[in-house]
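Chemist: What follows is upload_30.pdb; its format and atoms are PDB, C-alpha atoms.
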```pdb
ATOM      1  CA  MET A 612     -30.584 -27.302  -0.130  1.00  0.00           C
ATOM      2  CA  THR A 613     -30.971 -30.862   1.100  1.00  0.00           C
ATOM      3  CA  GLU A 614     -28.984 -33.858  -0.034  1.00  0.00           C
ATOM      4  CA  ASN A 615     -31.701 -35.066  -2.395  1.00  0.00           C
ATOM      5  CA  SER A 616     -32.737 -31.742  -3.883  1.00  0.00           C
ATOM      6  CA  ALA A 617     -31.235 -30.500  -7.110  1.00  0.00           C
ATOM      7  CA  PRO A 618     -29.803 -27.010  -7.267  1.00  0.00           C
ATOM      8  CA  GLU A 619     -32.223 -24.468  -8.635  1.00  0.00           C
ATOM      9  CA  PRO A 620     -31.565 -23.823 -12.324  1.00  0.00           C
ATOM     10  CA  ARG A 621     -29.998 -20.451 -12.949  1.00  0.00           C
ATOM     11  CA  GLU A 622     -31.342 -18.080 -15.522  1.00  0.00           C
ATOM     12  CA  PRO A 623     -29.022 -17.850 -18.530  1.00  0.00           C
ATOM     13  CA  THR A 624     -27.146 -14.571 -18.637  1.00  0.00           C
ATOM     14  CA  LEU A 625     -25.287 -12.651 -21.313  1.00  0.00           C
ATOM     15  CA  THR A 626     -21.935 -10.919 -21.266  1.00  0.00           C
ATOM     16  CA  ILE A 627     -21.624  -7.232 -22.043  1.00  0.00           C
ATOM     17  CA  ALA A 628     -20.243  -8.148 -25.485  1.00  0.00           C
ATOM     18  CA  GLN A 629     -23.281 -10.345 -26.198  1.00  0.00           C
ATOM     19  CA  VAL A 630     -25.683  -7.617 -25.077  1.00  0.00           C
ATOM     20  CA  ALA A 631     -23.796  -5.071 -27.173  1.00  0.00           C
ATOM     21  CA  GLU A 632     -24.158  -7.308 -30.214  1.00  0.00           C
ATOM     22  CA  THR A 633     -27.843  -7.973 -29.494  1.00  0.00           C
ATOM     23  CA  THR A 634     -28.838  -4.359 -28.863  1.00  0.00           C
ATOM     24  CA  GLY A 635     -26.423  -2.496 -31.105  1.00  0.00           C
ATOM     25  CA  LEU A 636     -25.227  -0.478 -28.109  1.00  0.00           C
ATOM     26  CA  SER A 637     -21.502  -0.327 -27.476  1.00  0.00           C
ATOM     27  CA  PRO A 638     -20.100  -1.745 -24.230  1.00  0.00           C
ATOM     28  CA  ASP A 639     -19.191   1.839 -23.278  1.00  0.00           C
ATOM     29  CA  THR A 640     -22.806   2.916 -23.765  1.00  0.00           C
ATOM     30  CA  LEU A 641     -24.028  -0.010 -21.670  1.00  0.00           C
ATOM     31  CA  ARG A 642     -21.636   1.005 -18.882  1.00  0.00           C
ATOM     32  CA  TYR A 643     -22.841   4.623 -19.210  1.00  0.00           C
ATOM     33  CA  TYR A 644     -26.472   3.490 -18.970  1.00  0.00           C
ATOM     34  CA  GLU A 645     -25.618   1.732 -15.712  1.00  0.00           C
ATOM     35  CA  ARG A 646     -23.612   4.672 -14.279  1.00  0.00           C
ATOM     36  CA  SER A 647     -26.323   7.172 -15.207  1.00  0.00           C
ATOM     37  CA  GLY A 648     -29.105   5.159 -13.607  1.00  0.00           C
ATOM     38  CA  LEU A 649     -30.878   4.171 -16.810  1.00  0.00           C
ATOM     39  CA  ILE A 650     -30.370   0.545 -15.876  1.00  0.00           C
ATOM     40  CA  GLN A 651     -29.921  -0.815 -12.397  1.00  0.00           C
ATOM     41  CA  ARG A 652     -26.634  -2.414 -11.488  1.00  0.00           C
ATOM     42  CA  VAL A 653     -26.528  -5.703 -13.379  1.00  0.00           C
ATOM     43  CA  GLY A 654     -25.422  -8.996 -11.893  1.00  0.00           C
ATOM     44  CA  ARG A 655     -21.726  -9.741 -11.698  1.00  0.00           C
ATOM     45  CA  THR A 656     -19.585 -12.852 -11.805  1.00  0.00           C
ATOM     46  CA  THR A 657     -17.075 -13.597  -9.084  1.00  0.00           C
ATOM     47  CA  GLY A 658     -14.563 -11.896 -11.382  1.00  0.00           C
ATOM     48  CA  ASN A 659     -16.813  -8.749 -11.356  1.00  0.00           C
ATOM     49  CA  GLN A 660     -17.823  -9.130 -15.020  1.00  0.00           C
ATOM     50  CA  ARG A 661     -21.299  -7.905 -15.886  1.00  0.00           C
ATOM     51  CA  ARG A 662     -23.887 -10.578 -16.613  1.00  0.00           C
ATOM     52  CA  TYR A 663     -27.189  -9.427 -18.073  1.00  0.00           C
ATOM     53  CA  ALA A 664     -30.399 -11.364 -17.394  1.00  0.00           C
ATOM     54  CA  ALA A 665     -33.428 -11.548 -19.695  1.00  0.00           C
ATOM     55  CA  ALA A 666     -35.169  -8.833 -17.654  1.00  0.00           C
ATOM     56  CA  ASP A 667     -32.166  -6.534 -18.157  1.00  0.00           C
ATOM     57  CA  LEU A 668     -32.333  -7.105 -21.902  1.00  0.00           C
ATOM     58  CA  ALA A 669     -36.095  -6.441 -22.005  1.00  0.00           C
ATOM     59  CA  TRP A 670     -35.582  -3.157 -20.124  1.00  0.00           C
ATOM     60  CA  LEU A 671     -32.757  -2.148 -22.472  1.00  0.00           C
ATOM     61  CA  GLU A 672     -34.995  -2.822 -25.471  1.00  0.00           C
ATOM     62  CA  PHE A 673     -37.663  -0.572 -23.943  1.00  0.00           C
ATOM     63  CA  LEU A 674     -35.086   2.153 -23.270  1.00  0.00           C
ATOM     64  CA  LEU A 675     -34.009   1.932 -26.903  1.00  0.00           C
ATOM     65  CA  ARG A 676     -37.610   2.453 -27.983  1.00  0.00           C
ATOM     66  CA  LEU A 677     -37.866   5.506 -25.746  1.00  0.00           C
ATOM     67  CA  ARG A 678     -34.611   6.866 -27.156  1.00  0.00           C
ATOM     68  CA  GLU A 679     -35.601   6.102 -30.748  1.00  0.00           C
ATOM     69  CA  THR A 680     -38.906   7.895 -30.271  1.00  0.00           C
ATOM     70  CA  GLY A 681     -37.130  10.992 -29.017  1.00  0.00           C
ATOM     71  CA  MET A 682     -37.367  10.812 -25.233  1.00  0.00           C
ATOM     72  CA  SER A 683     -34.565  12.787 -23.620  1.00  0.00           C
ATOM     73  CA  ILE A 684     -31.944  11.068 -21.470  1.00  0.00           C
ATOM     74  CA  ALA A 685     -33.152  13.139 -18.504  1.00  0.00           C
ATOM     75  CA  ASP A 686     -36.734  11.899 -18.972  1.00  0.00           C
ATOM     76  CA  MET A 687     -35.501   8.339 -19.463  1.00  0.00           C
ATOM     77  CA  GLN A 688     -33.533   8.642 -16.198  1.00  0.00           C
ATOM     78  CA  HIS A 689     -36.619   9.978 -14.417  1.00  0.00           C
ATOM     79  CA  PHE A 690     -38.689   7.097 -15.781  1.00  0.00           C
ATOM     80  CA  ALA A 691     -36.007   4.606 -14.685  1.00  0.00           C
ATOM     81  CA  ARG A 692     -35.985   6.090 -11.158  1.00  0.00           C
ATOM     82  CA  LEU A 693     -39.766   5.792 -10.980  1.00  0.00           C
ATOM     83  CA  ARG A 694     -39.560   2.189 -12.180  1.00  0.00           C
ATOM     84  CA  ALA A 695     -36.916   1.377  -9.571  1.00  0.00           C
ATOM     85  CA  ALA A 696     -39.107   2.912  -6.854  1.00  0.00           C
ATOM     86  CA  GLY A 697     -41.753   0.241  -7.434  1.00  0.00           C
ATOM     87  CA  GLY A 698     -45.448  -0.169  -8.006  1.00  0.00           C
ATOM     88  CA  GLY A 699     -46.416   3.030  -6.215  1.00  0.00           C
ATOM     89  CA  THR A 700     -45.126   4.993  -9.217  1.00  0.00           C
ATOM     90  CA  ILE A 701     -47.203   3.303 -11.901  1.00  0.00           C
ATOM     91  CA  ALA A 702     -49.565   6.280 -12.293  1.00  0.00           C
ATOM     92  CA  ASP A 703     -46.583   8.612 -12.748  1.00  0.00           C
ATOM     93  CA  ARG A 704     -44.989   6.280 -15.289  1.00  0.00           C
ATOM     94  CA  LEU A 705     -48.259   5.968 -17.174  1.00  0.00           C
ATOM     95  CA  SER A 706     -48.578   9.749 -17.257  1.00  0.00           C
ATOM     96  CA  MET A 707     -45.037  10.126 -18.603  1.00  0.00           C
ATOM     97  CA  LEU A 708     -45.692   7.556 -21.330  1.00  0.00           C
ATOM     98  CA  ARG A 709     -48.969   9.193 -22.314  1.00  0.00           C
ATOM     99  CA  VAL A 710     -47.289  12.597 -22.682  1.00  0.00           C
ATOM    100  CA  HIS A 711     -44.429  11.038 -24.657  1.00  0.00           C
ATOM    101  CA  ARG A 712     -46.895   9.187 -26.919  1.00  0.00           C
ATOM    102  CA  SER A 713     -48.799  12.408 -27.571  1.00  0.00           C
ATOM    103  CA  ASP A 714     -45.561  14.220 -28.444  1.00  0.00           C
ATOM    104  CA  LEU A 715     -44.623  11.335 -30.732  1.00  0.00           C
ATOM    105  CA  ALA A 716     -48.004  11.503 -32.504  1.00  0.00           C
ATOM    106  CA  THR A 717     -47.464  15.228 -33.125  1.00  0.00           C
ATOM    107  CA  ARG A 718     -43.971  14.587 -34.541  1.00  0.00           C
ATOM    108  CA  ILE A 719     -45.286  11.775 -36.752  1.00  0.00           C
ATOM    109  CA  SER A 720     -47.988  14.085 -38.115  1.00  0.00           C
ATOM    110  CA  ARG A 721     -45.391  16.758 -38.885  1.00  0.00           C
ATOM    111  CA  LEU A 722     -43.103  14.216 -40.526  1.00  0.00           C
ATOM    112  CA  ARG A 723     -45.960  12.985 -42.722  1.00  0.00           C
ATOM    113  CA  ALA A 724     -46.764  16.541 -43.785  1.00  0.00           C
ATOM    114  CA  ASN A 725     -43.096  17.188 -44.550  1.00  0.00           C
ATOM    115  CA  ALA A 726     -42.835  13.933 -46.503  1.00  0.00           C
ATOM    116  CA  ALA A 727     -45.875  14.954 -48.569  1.00  0.00           C
ATOM    117  CA  ALA A 728     -44.280  18.341 -49.319  1.00  0.00           C
ATOM    118  CA  LEU A 729     -41.062  16.615 -50.385  1.00  0.00           C
ATOM    119  CA  ASP A 730     -43.031  14.232 -52.602  1.00  0.00           C
ATOM    120  CA  GLU A 731     -44.694  17.209 -54.298  1.00  0.00           C
ATOM    121  CA  LYS A 732     -41.329  18.914 -54.899  1.00  0.00           C
ATOM    122  CA  ILE A 733     -39.797  15.689 -56.240  1.00  0.00           C
ATOM    123  CA  HIS A 734     -42.741  15.261 -58.607  1.00  0.00           C
ATOM    124  CA  HIS A 735     -42.382  18.885 -59.737  1.00  0.00           C
ATOM    125  CA  TYR A 736     -38.673  18.483 -60.536  1.00  0.00           C
ATOM    126  CA  GLU A 737     -39.293  15.183 -62.319  1.00  0.00           C
ATOM    127  CA  GLN A 738     -41.833  16.947 -64.538  1.00  0.00           C
ATOM    128  CA  VAL A 739     -39.450  19.854 -65.209  1.00  0.00           C
ATOM    129  CA  LEU A 740     -36.717  17.421 -66.251  1.00  0.00           C
ATOM    130  CA  ALA A 741     -39.100  15.415 -68.413  1.00  0.00           C
ATOM    131  CA  GLU A 742     -40.097  18.571 -70.314  1.00  0.00           C
ATOM    132  CA  GLN A 743     -36.519  19.712 -70.967  1.00  0.00           C
ATOM    133  CA  PRO A 744     -34.810  18.721 -74.203  1.00  0.00           C
ATOM    134  CA  GLU A 745     -32.037  16.179 -73.812  1.00  0.00           C
ATOM    135  CA  LYS A 746     -28.552  17.670 -73.659  1.00  0.00           C
ATOM    136  CA  ASP A 747     -25.305  16.331 -74.996  1.00  0.00           C
ATOM    137  CA  GLY A 748     -22.167  16.147 -72.845  1.00  0.00           C
ATOM    138  CA  SER A 749     -21.350  19.830 -73.526  1.00  0.00           C
ATOM    139  CA  GLY A 750     -24.542  21.119 -71.907  1.00  0.00           C
ATOM    140  CA  TYR A 751     -26.130  22.056 -75.250  1.00  0.00           C
ATOM    141  CA  PRO A 752     -29.364  20.484 -76.464  1.00  0.00           C
ATOM    142  CA  LYS A 753     -28.798  17.436 -78.623  1.00  0.00           C
ATOM    143  CA  PRO A 754     -29.455  18.112 -82.306  1.00  0.00           C
ATOM    144  CA  SER A 755     -32.804  16.905 -83.509  1.00  0.00           C
ATOM    145  CA  THR A 756     -32.746  13.705 -85.534  1.00  0.00           C
ATOM    146  CA  ALA A 757     -35.998  14.551 -87.257  1.00  0.00           C
TER     147      ALA A 757
END
```
Hey, can you dump this file as structure tokens for me?
Modeler:
Amino acid sequence: MTENSAPEPREPTLTIAQVAETTGLSPDTLRYYERSGLIQRVGRTTGNQRRYAAADLAWLEFLLRLRETGMSIADMQHFARLRAAGGGTIADRLSMLRVHRSDLATRISRLRANAAALDEKIHHYEQVLAEQPEKDGSGYPKPSTA
């Protein structure tokens, strides 16, 4: 840096508490993600406090999507290792995501079929209840007012 040049602006960073609040992950989970290789070692202050950059947050959000869609921790770790290895692993990462997306589509189809079956059963029980005579508090049918 020369006398007349301004220092380069630093990217704003977030504390572990801020990232926990933003992502819904606990600080312990964030530390686990780092220890287990899901996220690379994040930047640190001179006091050794974690400081997360925007890229760290974007990666965490992607990991959360993988987790929410049912990817195993082991597969997420494998994907993270491939990502850390660089551009030469893009084909492998793409393959992993395609397989995961296919598995997700199968699970979604099953969930839709199960939801439809539940809807049918709910409708059936609603009809059964609608056809039953009203009961008083004792469990006996209410006397007819006709």
Chemist: Using the chain letters and numbering of this document, enumerate as a PDB file with C-alpha atoms, in the coordinates of the input the residues selected by the PyMOL selection byres ((chain A and resi 714-728) around 12).
Modeler:
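The result, stored in out_28.pdb:
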```pdb
ATOM      1  CA  ARG A 676     -37.610   2.453 -27.983  1.00  0.00           C
ATOM      2  CA  LEU A 677     -37.866   5.506 -25.746  1.00  0.00           C
ATOM      3  CA  ARG A 678     -34.611   6.866 -27.156  1.00  0.00           C
ATOM      4  CA  GLU A 679     -35.601   6.102 -30.748  1.00  0.00           C
ATOM      5  CA  THR A 680     -38.906   7.895 -30.271  1.00  0.00           C
ATOM      6  CA  GLY A 681     -37.130  10.992 -29.017  1.00  0.00           C
ATOM      7  CA  MET A 682     -37.367  10.812 -25.233  1.00  0.00           C
ATOM      8  CA  MET A 707     -45.037  10.126 -18.603  1.00  0.00           C
ATOM      9  CA  LEU A 708     -45.692   7.556 -21.330  1.00  0.00           C
ATOM     10  CA  ARG A 709     -48.969   9.193 -22.314  1.00  0.00           C
ATOM     11  CA  VAL A 710     -47.289  12.597 -22.682  1.00  0.00           C
ATOM     12  CA  HIS A 711     -44.429  11.038 -24.657  1.00  0.00           C
ATOM     13  CA  ARG A 712     -46.895   9.187 -26.919  1.00  0.00           C
ATOM     14  CA  SER A 713     -48.799  12.408 -27.571  1.00  0.00           C
ATOM     15  CA  LEU A 729     -41.062  16.615 -50.385  1.00  0.00           C
ATOM     16  CA  ASP A 730     -43.031  14.232 -52.602  1.00  0.00           C
ATOM     17  CA  GLU A 731     -44.694  17.209 -54.298  1.00  0.00           C
ATOM     18  CA  LYS A 732     -41.329  18.914 -54.899  1.00  0.00           C
ATOM     19  CA  ILE A 733     -39.797  15.689 -56.240  1.00  0.00           C
ATOM     20  CA  HIS A 734     -42.741  15.261 -58.607  1.00  0.00           C
ATOM     21  CA  HIS A 735     -42.382  18.885 -59.737  1.00  0.00           C
TER      22      HIS A 735
END
```
Chemist: How would you write, as a ChimeraX atom specification, the residues chosen by the PyMOL selection byres ((chain A and resi 624) around 12) on this structure?
Modeler: /A:621-623,625-630,653-656,660-668
Chemist: For Arg652 in chain A, which residue out of A:Gln743, A:Ala695, A:Arg704, A:Tyr736 is the nearest one, using all atoms listed in the file?
Modeler: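 Once distances to Arg652 in chain A are computed over all atoms listed in the file, the minimum belongs to A:Ala695.
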Chemist: What's the separation between CA of Ala691 in chain A and CA of Gln651 in chain A, in Å to one decimal place?
Modeler: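 Spanning CA of Ala691 in chain A to CA of Gln651 in chain A is a straight-line distance of 8.5 Å.
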Chemist: Can you tell me which residues surround Asp703 in chain A at a distance of at most 12 Å, considering only C-alpha atoms, apart from same-chain residues fewer than 2 positions away, and format the answer as an MDAnalysis selection string?
Modeler: chainID A and resid 689:694 696:701 705:710
Chemist: Just the number, please: distance in Å from CA of Glu645 in chain A to CA of Gln688 in chain A, one decimal.
Modeler: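 Spanning CA of Glu645 in chain A to CA of Gln688 in chain A is a straight-line distance of 10.5 Å.
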Chemist: Which distance in Å separates CA of Ala631 in chain A and CA of Leu671 in chain A, to one decimal?
Modeler: 10.5 Å
Chemist: Given only C-alpha atoms as the basis, pick out the residue of A:Val739, A:Ala685, A:Leu675, A:Ala702 nearest to Thr640 in chain A.
Modeler: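 Among the listed residues, A:Leu675 lies closest to Thr640 in chain A.
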